[in-house]
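One file, my_file-v2.pdb, carrying PDB, C-alpha atoms:
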```
ATOM      1  CA  MET A   1       5.991  28.272  33.776  1.00  0.00           C
ATOM      2  CA  THR A   2       5.517  30.152  30.501  1.00  0.00           C
ATOM      3  CA  THR A   3       5.221  28.364  27.165  1.00  0.00           C
ATOM      4  CA  VAL A   4       7.183  29.163  24.014  1.00  0.00           C
ATOM      5  CA  SER A   5       4.108  30.725  22.394  1.00  0.00           C
ATOM      6  CA  GLU A   6       3.640  33.094  25.361  1.00  0.00           C
ATOM      7  CA  LYS A   7       7.176  34.371  24.920  1.00  0.00           C
ATOM      8  CA  ILE A   8       6.640  35.498  21.309  1.00  0.00           C
ATOM      9  CA  ASP A   9       5.862  39.211  21.209  1.00  0.00           C
ATOM     10  CA  ALA A  10       2.768  40.003  19.117  1.00  0.00           C
ATOM     11  CA  LYS A  11       4.711  42.875  17.534  1.00  0.00           C
ATOM     12  CA  LEU A  12       7.256  40.370  16.184  1.00  0.00           C
ATOM     13  CA  VAL A  13       4.479  38.263  14.711  1.00  0.00           C
ATOM     14  CA  LYS A  14       2.996  41.324  12.997  1.00  0.00           C
ATOM     15  CA  GLU A  15       6.406  42.427  11.727  1.00  0.00           C
ATOM     16  CA  LEU A  16       7.022  38.994  10.198  1.00  0.00           C
ATOM     17  CA  ARG A  17       3.484  39.012   8.774  1.00  0.00           C
ATOM     18  CA  ASP A  18       4.067  42.405   7.129  1.00  0.00           C
ATOM     19  CA  ARG A  19       7.411  41.275   5.722  1.00  0.00           C
ATOM     20  CA  SER A  20       6.398  37.842   4.448  1.00  0.00           C
ATOM     21  CA  GLY A  21       2.695  38.150   3.715  1.00  0.00           C
ATOM     22  CA  ALA A  22       2.174  34.769   5.397  1.00  0.00           C
ATOM     23  CA  PRO A  23      -0.842  34.151   7.694  1.00  0.00           C
ATOM     24  CA  MET A  24      -0.436  35.203  11.322  1.00  0.00           C
ATOM     25  CA  GLY A  25      -0.641  31.612  12.549  1.00  0.00           C
ATOM     26  CA  ASP A  26       2.196  30.540  10.263  1.00  0.00           C
ATOM     27  CA  CYS A  27       4.283  33.521  11.382  1.00  0.00           C
ATOM     28  CA  LEU A  28       3.770  32.593  15.023  1.00  0.00           C
ATOM     29  CA  LYS A  29       4.801  28.982  14.382  1.00  0.00           C
ATOM     30  CA  ALA A  30       7.876  30.128  12.439  1.00  0.00           C
ATOM     31  CA  LEU A  31       8.928  32.428  15.282  1.00  0.00           C
ATOM     32  CA  GLN A  32       8.376  29.650  17.807  1.00  0.00           C
ATOM     33  CA  GLU A  33      10.594  27.390  15.729  1.00  0.00           C
ATOM     34  CA  SER A  34      13.258  30.102  15.439  1.00  0.00           C
ATOM     35  CA  LYS A  35      12.980  31.023  19.147  1.00  0.00           C
ATOM     36  CA  GLY A  36      11.878  34.561  18.350  1.00  0.00           C
ATOM     37  CA  ASP A  37      14.564  35.307  15.744  1.00  0.00           C
ATOM     38  CA  ILE A  38      12.708  37.164  12.992  1.00  0.00           C
ATOM     39  CA  GLU A  39      15.380  36.580  10.340  1.00  0.00           C
ATOM     40  CA  GLU A  40      15.403  32.837  10.997  1.00  0.00           C
ATOM     41  CA  GLY A  41      11.622  32.880  11.127  1.00  0.00           C
ATOM     42  CA  PHE A  42      11.548  34.430   7.680  1.00  0.00           C
ATOM     43  CA  VAL A  43      13.835  31.658   6.405  1.00  0.00           C
ATOM     44  CA  VAL A  44      11.467  29.059   7.890  1.00  0.00           C
ATOM     45  CA  LEU A  45       8.523  30.645   6.066  1.00  0.00           C
ATOM     46  CA  ARG A  46      10.468  30.753   2.791  1.00  0.00           C
ATOM     47  CA  LYS A  47      11.258  27.042   3.059  1.00  0.00           C
ATOM     48  CA  ARG A  48       7.645  26.189   3.843  1.00  0.00           C
ATOM     49  CA  GLY A  49       6.454  28.363   0.978  1.00  0.00           C
ATOM     50  CA  MET A  50       8.718  26.563  -1.496  1.00  0.00           C
ATOM     51  CA  ALA A  51       7.552  23.175  -0.192  1.00  0.00           C
ATOM     52  CA  SER A  52       3.919  24.221  -0.561  1.00  0.00           C
ATOM     53  CA  ALA A  53       4.569  25.553  -4.069  1.00  0.00           C
ATOM     54  CA  GLN A  54       6.277  22.318  -5.124  1.00  0.00           C
ATOM     55  CA  LYS A  55       3.288  20.263  -3.944  1.00  0.00           C
ATOM     56  CA  LYS A  56       0.922  22.402  -6.012  1.00  0.00           C
ATOM     57  CA  ALA A  57       3.188  22.779  -9.066  1.00  0.00           C
ATOM     58  CA  ALA A  58       1.411  20.050 -11.059  1.00  0.00           C
ATOM     59  CA  ARG A  59      -2.010  21.636 -10.683  1.00  0.00           C
ATOM     60  CA  SER A  60      -3.504  23.395 -13.709  1.00  0.00           C
ATOM     61  CA  THR A  61      -3.518  27.192 -13.816  1.00  0.00           C
ATOM     62  CA  ASN A  62      -6.244  28.148 -16.281  1.00  0.00           C
ATOM     63  CA  GLU A  63      -7.321  31.423 -14.668  1.00  0.00           C
ATOM     64  CA  GLY A  64      -5.347  34.546 -13.845  1.00  0.00           C
ATOM     65  CA  ALA A  65      -4.968  38.139 -14.942  1.00  0.00           C
ATOM     66  CA  ILE A  66      -2.964  40.488 -17.123  1.00  0.00           C
ATOM     67  CA  GLY A  67      -1.233  43.444 -15.560  1.00  0.00           C
ATOM     68  CA  THR A  68       0.821  46.398 -16.745  1.00  0.00           C
ATOM     69  CA  TYR A  69       3.537  48.622 -15.356  1.00  0.00           C
ATOM     70  CA  ILE A  70       4.729  51.916 -16.844  1.00  0.00           C
ATOM     71  CA  HIS A  71       8.022  53.347 -15.599  1.00  0.00           C
ATOM     72  CA  ALA A  72      10.311  56.354 -16.111  1.00  0.00           C
ATOM     73  CA  GLY A  73       7.740  58.813 -17.386  1.00  0.00           C
ATOM     74  CA  GLY A  74       6.333  56.416 -19.934  1.00  0.00           C
ATOM     75  CA  LYS A  75       9.718  55.323 -21.298  1.00  0.00           C
ATOM     76  CA  ILE A  76       9.481  51.650 -20.201  1.00  0.00           C
ATOM     77  CA  GLY A  77       6.359  49.484 -20.246  1.00  0.00           C
ATOM     78  CA  VAL A  78       5.632  45.899 -19.205  1.00  0.00           C
ATOM     79  CA  LEU A  79       2.672  43.661 -20.043  1.00  0.00           C
ATOM     80  CA  LEU A  80       2.487  40.535 -17.877  1.00  0.00           C
ATOM     81  CA  GLU A  81       0.231  37.478 -17.617  1.00  0.00           C
ATOM     82  CA  ILE A  82       0.197  35.456 -14.393  1.00  0.00           C
ATOM     83  CA  ASN A  83      -2.014  32.386 -14.015  1.00  0.00           C
ATOM     84  CA  CYS A  84      -3.655  30.741 -11.021  1.00  0.00           C
ATOM     85  CA  GLU A  85      -6.364  28.131 -10.453  1.00  0.00           C
ATOM     86  CA  SER A  86      -9.453  30.292  -9.851  1.00  0.00           C
ATOM     87  CA  ASP A  87     -10.865  33.659 -10.840  1.00  0.00           C
ATOM     88  CA  PHE A  88     -11.494  34.347  -7.144  1.00  0.00           C
ATOM     89  CA  VAL A  89      -7.759  34.241  -6.315  1.00  0.00           C
ATOM     90  CA  ALA A  90      -6.919  36.277  -9.439  1.00  0.00           C
ATOM     91  CA  ARG A  91      -9.072  39.093  -8.050  1.00  0.00           C
ATOM     92  CA  THR A  92      -7.509  39.147  -4.584  1.00  0.00           C
ATOM     93  CA  GLU A  93      -5.333  42.025  -3.438  1.00  0.00           C
ATOM     94  CA  ASP A  94      -2.449  39.614  -2.774  1.00  0.00           C
ATOM     95  CA  PHE A  95      -2.503  38.361  -6.366  1.00  0.00           C
ATOM     96  CA  GLN A  96      -2.754  41.868  -7.785  1.00  0.00           C
ATOM     97  CA  ASP A  97       0.133  43.017  -5.565  1.00  0.00           C
ATOM     98  CA  LEU A  98       2.211  40.109  -6.881  1.00  0.00           C
ATOM     99  CA  MET A  99       1.494  41.154 -10.461  1.00  0.00           C
ATOM    100  CA  ARG A 100       2.538  44.736  -9.762  1.00  0.00           C
ATOM    101  CA  ASP A 101       5.729  43.660  -8.014  1.00  0.00           C
ATOM    102  CA  ILE A 102       6.785  41.293 -10.790  1.00  0.00           C
ATOM    103  CA  SER A 103       5.870  43.781 -13.539  1.00  0.00           C
ATOM    104  CA  MET A 104       7.974  46.447 -11.811  1.00  0.00           C
ATOM    105  CA  HIS A 105      10.824  43.961 -11.405  1.00  0.00           C
ATOM    106  CA  ILE A 106      10.733  43.121 -15.125  1.00  0.00           C
ATOM    107  CA  ALA A 107      10.817  46.815 -16.013  1.00  0.00           C
ATOM    108  CA  ALA A 108      13.926  47.261 -13.858  1.00  0.00           C
ATOM    109  CA  THR A 109      15.907  44.104 -14.733  1.00  0.00           C
ATOM    110  CA  ASP A 110      14.870  43.200 -18.311  1.00  0.00           C
ATOM    111  CA  PRO A 111      15.017  39.371 -18.007  1.00  0.00           C
ATOM    112  CA  ARG A 112      15.166  37.460 -21.286  1.00  0.00           C
ATOM    113  CA  TYR A 113      13.414  34.269 -20.207  1.00  0.00           C
ATOM    114  CA  ILE A 114      10.969  33.158 -17.522  1.00  0.00           C
ATOM    115  CA  LYS A 115      12.786  30.043 -16.259  1.00  0.00           C
ATOM    116  CA  PRO A 116      15.974  28.099 -17.111  1.00  0.00           C
ATOM    117  CA  GLU A 117      14.022  25.508 -19.110  1.00  0.00           C
ATOM    118  CA  ASP A 118      12.964  28.269 -21.505  1.00  0.00           C
ATOM    119  CA  VAL A 119      16.507  29.234 -22.529  1.00  0.00           C
ATOM    120  CA  THR A 120      17.156  28.283 -26.149  1.00  0.00           C
ATOM    121  CA  ILE A 121      19.686  25.597 -27.046  1.00  0.00           C
ATOM    122  CA  GLU A 122      21.601  28.185 -29.083  1.00  0.00           C
ATOM    123  CA  ASP A 123      21.976  30.534 -26.097  1.00  0.00           C
ATOM    124  CA  LEU A 124      22.946  27.679 -23.796  1.00  0.00           C
ATOM    125  CA  GLU A 125      25.634  26.329 -26.104  1.00  0.00           C
ATOM    126  CA  ARG A 126      27.027  29.791 -26.814  1.00  0.00           C
ATOM    127  CA  GLU A 127      27.372  30.622 -23.122  1.00  0.00           C
ATOM    128  CA  LYS A 128      28.862  27.233 -22.257  1.00  0.00           C
ATOM    129  CA  GLU A 129      31.463  27.537 -25.004  1.00  0.00           C
ATOM    130  CA  ILE A 130      32.471  30.996 -23.787  1.00  0.00           C
ATOM    131  CA  TYR A 131      32.802  29.873 -20.161  1.00  0.00           C
ATOM    132  CA  ARG A 132      34.573  26.657 -21.170  1.00  0.00           C
ATOM    133  CA  ALA A 133      37.135  28.573 -23.235  1.00  0.00           C
ATOM    134  CA  GLN A 134      37.730  31.055 -20.405  1.00  0.00           C
ATOM    135  CA  ALA A 135      38.258  28.269 -17.862  1.00  0.00           C
ATOM    136  CA  ALA A 136      40.443  26.190 -20.182  1.00  0.00           C
ATOM    137  CA  ALA A 137      42.692  29.194 -20.780  1.00  0.00           C
ATOM    138  CA  THR A 138      43.706  29.045 -17.110  1.00  0.00           C
ATOM    139  CA  GLY A 139      45.252  25.605 -17.676  1.00  0.00           C
ATOM    140  CA  LYS A 140      42.945  23.795 -15.254  1.00  0.00           C
ATOM    141  CA  PRO A 141      42.122  20.095 -15.874  1.00  0.00           C
ATOM    142  CA  ALA A 142      38.919  19.177 -17.748  1.00  0.00           C
ATOM    143  CA  PRO A 143      36.883  18.083 -14.662  1.00  0.00           C
ATOM    144  CA  VAL A 144      37.632  21.401 -12.951  1.00  0.00           C
ATOM    145  CA  VAL A 145      36.766  23.293 -16.117  1.00  0.00           C
ATOM    146  CA  GLU A 146      33.330  21.638 -16.228  1.00  0.00           C
ATOM    147  CA  LYS A 147      32.670  22.539 -12.588  1.00  0.00           C
ATOM    148  CA  ILE A 148      33.581  26.134 -13.352  1.00  0.00           C
ATOM    149  CA  VAL A 149      31.232  26.091 -16.336  1.00  0.00           C
ATOM    150  CA  ASP A 150      28.390  24.752 -14.153  1.00  0.00           C
ATOM    151  CA  GLY A 151      28.934  27.562 -11.663  1.00  0.00           C
ATOM    152  CA  LYS A 152      28.994  30.167 -14.422  1.00  0.00           C
ATOM    153  CA  MET A 153      25.772  28.778 -15.905  1.00  0.00           C
ATOM    154  CA  ALA A 154      24.000  29.082 -12.545  1.00  0.00           C
ATOM    155  CA  LYS A 155      24.974  32.759 -12.511  1.00  0.00           C
ATOM    156  CA  PHE A 156      23.857  33.099 -16.140  1.00  0.00           C
ATOM    157  CA  TYR A 157      20.390  31.764 -15.262  1.00  0.00           C
ATOM    158  CA  GLU A 158      20.160  34.238 -12.398  1.00  0.00           C
ATOM    159  CA  GLU A 159      20.946  37.076 -14.778  1.00  0.00           C
ATOM    160  CA  VAL A 160      18.575  36.194 -17.637  1.00  0.00           C
ATOM    161  CA  CYS A 161      15.736  34.111 -16.107  1.00  0.00           C
ATOM    162  CA  LEU A 162      12.969  35.969 -14.292  1.00  0.00           C
ATOM    163  CA  LEU A 163      12.247  33.278 -11.699  1.00  0.00           C
ATOM    164  CA  GLU A 164      15.918  32.961 -10.700  1.00  0.00           C
ATOM    165  CA  GLN A 165      16.539  36.682 -10.233  1.00  0.00           C
ATOM    166  CA  PRO A 166      16.744  38.302  -6.778  1.00  0.00           C
ATOM    167  CA  PHE A 167      13.614  40.415  -6.234  1.00  0.00           C
ATOM    168  CA  ILE A 168      14.595  44.079  -6.582  1.00  0.00           C
ATOM    169  CA  LYS A 169      12.638  45.117  -3.482  1.00  0.00           C
ATOM    170  CA  GLU A 170      14.174  42.378  -1.324  1.00  0.00           C
ATOM    171  CA  GLN A 171      17.403  40.896  -2.680  1.00  0.00           C
ATOM    172  CA  SER A 172      17.383  37.932  -0.271  1.00  0.00           C
ATOM    173  CA  VAL A 173      14.284  36.557  -2.022  1.00  0.00           C
ATOM    174  CA  SER A 174      14.164  35.302  -5.614  1.00  0.00           C
ATOM    175  CA  ILE A 175      11.110  35.853  -7.802  1.00  0.00           C
ATOM    176  CA  LYS A 176      10.493  32.095  -7.577  1.00  0.00           C
ATOM    177  CA  GLU A 177      10.432  32.355  -3.776  1.00  0.00           C
ATOM    178  CA  LEU A 178       8.245  35.461  -3.914  1.00  0.00           C
ATOM    179  CA  ILE A 179       5.675  33.494  -5.908  1.00  0.00           C
ATOM    180  CA  ALA A 180       6.016  30.519  -3.545  1.00  0.00           C
ATOM    181  CA  GLN A 181       5.108  32.765  -0.604  1.00  0.00           C
ATOM    182  CA  LYS A 182       1.874  33.731  -2.351  1.00  0.00           C
ATOM    183  CA  VAL A 183       1.163  30.089  -3.219  1.00  0.00           C
ATOM    184  CA  GLY A 184       1.507  29.215   0.456  1.00  0.00           C
ATOM    185  CA  LYS A 185      -0.795  32.056   1.489  1.00  0.00           C
ATOM    186  CA  LEU A 186      -3.452  31.769  -1.227  1.00  0.00           C
ATOM    187  CA  GLY A 187      -3.466  27.968  -1.461  1.00  0.00           C
ATOM    188  CA  GLU A 188      -3.318  27.787  -5.256  1.00  0.00           C
ATOM    189  CA  ASN A 189      -0.628  27.126  -7.828  1.00  0.00           C
ATOM    190  CA  ILE A 190       0.595  30.355  -9.445  1.00  0.00           C
ATOM    191  CA  THR A 191       2.651  30.551 -12.630  1.00  0.00           C
ATOM    192  CA  VAL A 192       4.096  33.276 -14.845  1.00  0.00           C
ATOM    193  CA  ARG A 193       2.940  32.513 -18.382  1.00  0.00           C
ATOM    194  CA  ARG A 194       4.380  35.355 -20.473  1.00  0.00           C
ATOM    195  CA  PHE A 195       5.520  38.961 -20.495  1.00  0.00           C
ATOM    196  CA  ALA A 196       6.577  41.697 -22.892  1.00  0.00           C
ATOM    197  CA  ARG A 197       8.881  44.619 -22.086  1.00  0.00           C
ATOM    198  CA  PHE A 198       9.218  47.705 -24.270  1.00  0.00           C
ATOM    199  CA  LYS A 199      11.580  50.659 -23.974  1.00  0.00           C
ATOM    200  CA  VAL A 200      11.199  53.824 -26.017  1.00  0.00           C
ATOM    201  CA  GLY A 201      13.985  54.149 -28.602  1.00  0.00           C
ATOM    202  CA  ALA A 202      15.429  50.670 -27.998  1.00  0.00           C
ATOM    203  CA  PRO A 203      16.367  48.746 -31.161  1.00  0.00           C
ATOM    204  CA  ASP A 204      14.484  45.664 -29.961  1.00  0.00           C
ATOM    205  CA  TRP A 205      12.153  44.474 -27.214  1.00  0.00           C
ATOM    206  CA  THR A 206      11.756  41.467 -24.933  1.00  0.00           C
ATOM    207  CA  VAL A 207       8.892  39.026 -25.362  1.00  0.00           C
ATOM    208  CA  SER A 208       9.018  35.801 -23.355  1.00  0.00           C
ATOM    209  CA  GLN A 209       6.577  32.921 -22.963  1.00  0.00           C
ATOM    210  CA  THR A 210       7.274  29.883 -20.831  1.00  0.00           C
ATOM    211  CA  LYS A 211       7.234  26.449 -22.424  1.00  0.00           C
ATOM    212  CA  ALA A 212       4.000  24.566 -21.919  1.00  0.00           C
ATOM    213  CA  VAL A 213       4.147  21.729 -19.410  1.00  0.00           C
ATOM    214  CA  GLU A 214       1.811  18.820 -18.909  1.00  0.00           C
ATOM    215  CA  THR A 215      -0.148  19.060 -15.680  1.00  0.00           C
ATOM    216  CA  ALA A 216      -1.440  16.247 -13.571  1.00  0.00           C
ATOM    217  CA  ALA A 217      -5.158  15.605 -13.326  1.00  0.00           C
ATOM    218  CA  GLU A 218      -6.872  17.090 -10.287  1.00  0.00           C
TER     219      GLU A 218
END
```
If you convert what's in this file into structure tokens, what do you get?
Amino acid sequence: MTTVSEKIDAKLVKELRDRSGAPMGDCLKALQESKGDIEEGFVVLRKRGMASAQKKAARSTNEGAIGTYIHAGGKIGVLLEINCESDFVARTEDFQDLMRDISMHIAATDPRYIKPEDVTIEDLEREKEIYRAQAAATGKPAPVVEKIVDGKMAKFYEEVCLLEQPFIKEQSVSIKELIAQKVGKLGENITVRRFARFKVGAPDWTVSQTKAVETAAE
């Protein structure tokens, strides 16, 4: 009698490895759990990556690197700082690839903030008032209006916050999940600290730095 692991084609494991960046062993386990379904296996890896990232989220990130991305014949430029726990990880190809991917994403989407917690009170209140007025104009009761506002705010965060945005190279994965995959693979906490985006001829530019958070002792 054959075992589940013997039924998983090595080509499927490699395909999932190439797509997710996760270690081969983790890809095999994910495919075993999903009974060879590569899409479901990818979902399994995403969930595990987020769980791993959450466990490491309180760990200090005092190392890292600064990367750049220049797009459209020098018309758009991005400067990005991503932090991790050690200089060794910051120098790895996986970390450098992550920096390039996120820098390119920022150039394409022009996010205004890094995460929802960074959005200013003024922007939050302005958006809520707009959505509340739109919903109230439909004549719906107050509790329904507030639910509509909550849904609109979730979409607002996805539009303006880097970590909530769908990754331009793979729309099924958010930037937050993309980072979580690298956390799971590299074994260190990884955070986006700040970025700047410039466009030639634009009347303004985007500069965003995440709010400092207290980290737990190692």
For region 132-203 of chain A versus region 96-103 of chain A, which residues have an atom no more than 8 Å away, and what is each residue's nearest atom pair and distance in Å rounded to one decimal, using only C-alpha atoms, chain-then-number order, as JSON lines?
```
{"residue": "A:Ile175", "atom": "CA", "partner": "A:Ile102", "partner_atom": "CA", "distance": 7.6}
{"residue": "A:Ile179", "atom": "CA", "partner": "A:Leu98", "partner_atom": "CA", "distance": 7.5}
{"residue": "A:Lys182", "atom": "CA", "partner": "A:Leu98", "partner_atom": "CA", "distance": 7.8}
```
Using all atoms listed in the file, which residue out of A:Cys161, A:Lys55, A:Ser60, A:Arg46 lies closest to Ile114 (chain A)?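 Using all atoms listed in the file, Ile114 (chain A) sits closest to A:Cys161.
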One number please: CA of Gln181 (chain A) to CA of Lys14 (chain A), in Å, one decimal. 16.2 Å
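Taking CA of Ala202 (chain A) and CA of Gly73 (chain A) as endpoints, the distance between them is 15.4 Å.
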Between CA of Gln54 (chain A) and CA of Pro116 (chain A), distance in Å (one decimal):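 Calculated distance between CA of Gln54 (chain A) and CA of Pro116 (chain A) is 16.5 Å.
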Residue contacts of Ala133 (chain A) (12 Å, all atoms listed in the file) excluding same-chain residues fewer than 3 positions away, as a compact mmCIF listing (two decimals) with C-alpha atoms, in the coordinates of the input:
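Result file is out_33.txt:
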```
# COMPACT_ATOMS: atom_id res chain seq x y z
CA ARG A 126 27.03 29.79 -26.81
CA GLU A 127 27.37 30.62 -23.12
CA LYS A 128 28.86 27.23 -22.26
CA GLU A 129 31.46 27.54 -25.00
CA ILE A 130 32.47 31.00 -23.79
CA ALA A 136 40.44 26.19 -20.18
CA ALA A 137 42.69 29.19 -20.78
CA THR A 138 43.71 29.04 -17.11
CA GLY A 139 45.25 25.60 -17.68
CA LYS A 140 42.94 23.80 -15.25
CA ALA A 142 38.92 19.18 -17.75
CA VAL A 145 36.77 23.29 -16.12
CA GLU A 146 33.33 21.64 -16.23
CA ILE A 148 33.58 26.13 -13.35
CA VAL A 149 31.23 26.09 -16.34
```
For Val78 (chain A), please output as a PyMOL selection string all residues within 7 Å (counting all atoms listed in the file; exclusion window: fewer than 6 positions along the same chain). chain A and resi 68-70+103+107+196-198
Determine the residue membership of the PyMOL selection byres ((chain A and resi 195) around 8) for the file above and supply it as a list of chain:residue names.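 Applying the PyMOL selection byres ((chain A and resi 195) around 8) to the structure shown produces A:Val78, A:Leu79, A:Leu80, A:Glu81, A:Arg193, A:Arg194, A:Ala196, A:Arg197, A:Val207, A:Ser208, A:Gln209.
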Selection to disk with C-alpha atoms, as a CSV table (one decimal), in the coordinates of the input:
```
chain,number,residue,atom,x,y,z
A,78,VAL,CA,5.6,45.9,-19.2
A,79,LEU,CA,2.7,43.7,-20.0
A,80,LEU,CA,2.5,40.5,-17.9
A,81,GLU,CA,0.2,37.5,-17.6
A,193,ARG,CA,2.9,32.5,-18.4
A,194,ARG,CA,4.4,35.4,-20.5
A,196,ALA,CA,6.6,41.7,-22.9
A,197,ARG,CA,8.9,44.6,-22.1
A,207,VAL,CA,8.9,39.0,-25.4
A,208,SER,CA,9.0,35.8,-23.4
A,209,GLN,CA,6.6,32.9,-23.0
```
